[in-house]
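Q: Sharing a structure below in structure tokens format, with a few things to ask.
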Amino acid sequence: MKFSAIIHRRFGLPGITALLLWSSLTNLQASGGQAGSYLRLGTSARAIGMGNGFTAVRDNAFSAYYNPGSLGFRSVRSLSVTNQFLSLDRRHSAISFAANLPPAAGIGIVWIHAGVVDIDGRTASGAHTETYSSSEDAIFFSFARQFKNRISIGITLKILQNQLPTGDKKLQGSGIGYDAGILYKVNNKLSAGLILQNINSAYQWSSDAFTDRKRVYEDQFPLDTKFGLSYTTNSFFAAADLGVEIVESEILSASFQGGVEYYYSESTAFRFGLQNNTFTFGAGITHSLLDRFDSRIDYAVRIESVTQPTHIVSYAFTF
């Protein structure tokens with residue numbers, strides 16, 4: 001029996017609403033109701049504006065999220081923050097730090113926070129009780145090592161938490177997971193990447209908060225496998241991913257994510273992308289804060305078919 005069914009039997013509408021509202025609205029594909037759906041929304045306005053297919057991108061502010069293997073090619077340190085302005089009282093934000101470790105390695109740390117606020121709690125008869133909120137957090141610790149100047153291999157340890165309100169107390173699910181990625185530098189223009197995301201990732205829930213008999217329930221994350229390519233010229237940059245999500249050895253869904261970035265000037269870029277059946281657009285401006293072109297502001301919009309468009313803003317600083 002799924003954990004959501006246990007919550008519904010014990011707590012009725014408030015518990016099941018808090019559990020399902022976030023997952024059912026973050027991603028309207030087949031994987032939307034699976035655990036960890038908030039991790040599939042993306043963390044960079046630049047990447048989202050191009051369809052969010054950044055597995056093969058070498059220079060990325062959120063390298064630890066998109067492919068830890070790319071950290072081996074880093075030459076600078078960066079600090080980045082992103083906020084997504086979602087409808088229906090949803091929240092999603094991320095912060096990232098990445099740095100090079102000379103002569104041929106890199107590290108990255110990412111914190112992703114998501115949740116739903118102002119959930120209208122009601123009894124089975126429809127009477128209002130109180131207002132609830134739920135949240136999920138993931139912290140990434142990544143390391144990568146470059147080999148022979150062309151290939152970099154990286155791994156990520158993910159610490160996962162899910163806080164679910166159920167009336168008089170909050171239930172907390174927790175767990176760990178792993179990502180493993182490879183990035184291959186074909187030449188100065190073309191790169192290829194491969195990543196396995198959510199290896200052994202799951203929330204562990206204990207039933208002792210609402211029953212006398214203790215039992216552990218597990219919500220397994222789908223295993224995401226992605227292969228990507230990226231190509232750059234003096235006037236444009238293109239990147240795309242093909243991926244599959246696997247649950248219990250069965251393919252849940254296949255995906256395409258990709259887009260193009262056009263360099264309008266040395267400091268301004270415009271972007272267009274396709275994330276499965278969703279169109280994305282964006283733009284970015286690079287400016288000088290302490291050094292030449294050391295800061296970038298990115299904006300993206302994701303056109304969703306059911307809810308209002310989502311606006312994403314990122315700021316990245318290199319030093």
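So you can find residues: chains in the structure tokens are A, B, ... in the order shown, residues in each start at 1, and ligands are numbered from 1 in order.
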Find the spatial neighbours of Asn100 of chain A, counting only C-alpha atoms, within a cut-off of 9 Å - ignore same-chain residues fewer than 2 positions away - and output them as a list in words.

A: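 So the residues in contact are Leu71, Gly72, Phe73, Arg74, Ser75, Val76, Arg77, Ala98, Pro102, Pro103, Ala104, Ala105, Gly106, Ile107 and Gly108 of chain A.
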
Q: List every residue of segment 62-163 of chain A that DSSP, applied to the backbone of this structure, places in strand (DSSP E), and write the result as a PyMOL selection string.

A: chain A and resi 78-85+90-101+105-122+128-147+151-163

Q: To one decimal in Å, tell me the separation between atom CA of Ser230 of chain A and atom CA of Arg58 of chain A.

A: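 Separation between atom CA of Ser230 of chain A and atom CA of Arg58 of chain A: 8.7 Å.
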
Q: Please list as a list in words every residue within 7 Å of Ala94 of chain A, counting only C-alpha atoms and excluding residues in the same chain fewer than 5 positions away.

A: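 Counting only C-alpha atoms, the residues come to Thr43, Val81, Thr82, Asn83, Trp111, Ile112 and His113 of chain A.
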
Q: Using only C-alpha atoms for the distances, tell me which of A:Gln146, A:Gly173, A:Ala114, A:Gly181 is nearest to Glu218 of chain A.

A: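 Checking each candidate against Glu218 of chain A, we get A:Gly173 as the closest.
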
Q: To one decimal in Å, tell me the separation between atom CA of Phe97 of chain A and atom CA of Ser44 of chain A.

A: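 Those two atoms sit 12.8 Å apart.
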
Q: When you look at segment 48-57 of chain A with a cut-off of 9 Å (counting only C-alpha atoms), what residues show up, excluding the ones that are within fewer than 4 positions of it in the same chain? I need them as a VMD selection string.

A: chain A and resid 41 to 44 63 66 to 67 70 181 to 185 190 to 195 226 to 231 238 to 242 256 to 261 270 to 276 278 to 283 298 to 302 312

Q: With only C-alpha atoms as the basis for distance, which of A:Ala180, A:Ile119, A:Gln172, A:Pro165 is at the shortest distance from Phe141 of chain A?

A: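 Looking at the shortest contact to Phe141 of chain A, the residue is A:Ala180.
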
Q: When you look at Asn198 of chain A with a cut-off of 6 Å (counting only C-alpha atoms), what residues show up, excluding the ones that are within fewer than 2 positions of it in the same chain? I need them as a list of chain:residue names.

A: A:Gly177, A:Tyr178, A:Asp179, A:Ser201, A:Leu223

Q: Using only C-alpha atoms, determine which residues lie at most 9 Å from Tyr263 of chain A, disregarding the query and same-chain residues fewer than 4 positions distant; provide the list as a PDB file with N, CA, C and O atoms, in the first residue's frame.

A:
ATOM      1  N   ASN A 234      30.335  31.033 -32.577  1.00  0.00           N
ATOM      2  CA  ASN A 234      30.506  32.422 -32.165  1.00  0.00           C
ATOM      3  C   ASN A 234      29.185  33.160 -31.994  1.00  0.00           C
ATOM      4  O   ASN A 234      29.123  34.181 -31.303  1.00  0.00           O
ATOM      5  N   SER A 235      28.105  32.657 -32.608  1.00  0.00           N
ATOM      6  CA  SER A 235      26.837  33.382 -32.576  1.00  0.00           C
ATOM      7  C   SER A 235      25.711  32.657 -31.855  1.00  0.00           C
ATOM      8  O   SER A 235      24.706  33.276 -31.506  1.00  0.00           O
ATOM      9  N   PHE A 236      25.833  31.343 -31.614  1.00  0.00           N
ATOM     10  CA  PHE A 236      24.758  30.639 -30.938  1.00  0.00           C
ATOM     11  C   PHE A 236      25.315  29.441 -30.169  1.00  0.00           C
ATOM     12  O   PHE A 236      26.442  28.974 -30.402  1.00  0.00           O
ATOM     13  N   PHE A 237      24.460  28.934 -29.271  1.00  0.00           N
ATOM     14  CA  PHE A 237      24.784  27.755 -28.476  1.00  0.00           C
ATOM     15  C   PHE A 237      23.543  26.878 -28.427  1.00  0.00           C
ATOM     16  O   PHE A 237      22.428  27.375 -28.232  1.00  0.00           O
ATOM     17  N   SER A 267      27.193  40.837 -24.390  1.00  0.00           N
ATOM     18  CA  SER A 267      26.630  40.765 -23.044  1.00  0.00           C
ATOM     19  C   SER A 267      25.169  40.336 -22.996  1.00  0.00           C
ATOM     20  O   SER A 267      24.614  40.169 -21.910  1.00  0.00           O
ATOM     21  N   THR A 268      24.527  40.131 -24.152  1.00  0.00           N
ATOM     22  CA  THR A 268      23.087  39.838 -24.176  1.00  0.00           C
ATOM     23  C   THR A 268      22.808  38.584 -25.000  1.00  0.00           C
ATOM     24  O   THR A 268      23.363  38.408 -26.090  1.00  0.00           O
ATOM     25  N   ALA A 269      21.938  37.716 -24.468  1.00  0.00           N
ATOM     26  CA  ALA A 269      21.577  36.486 -25.163  1.00  0.00           C
ATOM     27  C   ALA A 269      20.076  36.261 -25.067  1.00  0.00           C
ATOM     28  O   ALA A 269      19.440  36.615 -24.064  1.00  0.00           O
ATOM     29  N   PHE A 270      19.513  35.661 -26.113  1.00  0.00           N
ATOM     30  CA  PHE A 270      18.105  35.287 -26.136  1.00  0.00           C
ATOM     31  C   PHE A 270      17.997  33.777 -26.326  1.00  0.00           C
ATOM     32  O   PHE A 270      18.824  33.169 -27.015  1.00  0.00           O
ATOM     33  N   ARG A 271      16.944  33.171 -25.729  1.00  0.00           N
ATOM     34  CA  ARG A 271      16.852  31.721 -25.694  1.00  0.00           C
ATOM     35  C   ARG A 271      15.447  31.228 -26.032  1.00  0.00           C
ATOM     36  O   ARG A 271      14.460  31.903 -25.774  1.00  0.00           O
TER      37      ARG A 271
END

Q: At what distance in Å, to one decimal, does atom CA of Ser265 of chain A lie from atom CA of Ala61 of chain A?

A: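 Calculated distance between atom CA of Ala61 of chain A and atom CA of Ser265 of chain A is 20.5 Å.
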
Q: Skip Ala202 of chain A itself and residues of its chain fewer than 3 positions away, then list as a count of residues only all residues within 7 Å of it, counting only C-alpha atoms.

A: 6

Q: For Glu130 of chain A, which residue out of A:Asp118, A:Leu157, A:Ser93, A:Arg150 is the nearest one, using only C-alpha atoms?

A: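 With only C-alpha atoms as the atom set, the closest residue is A:Asp118.
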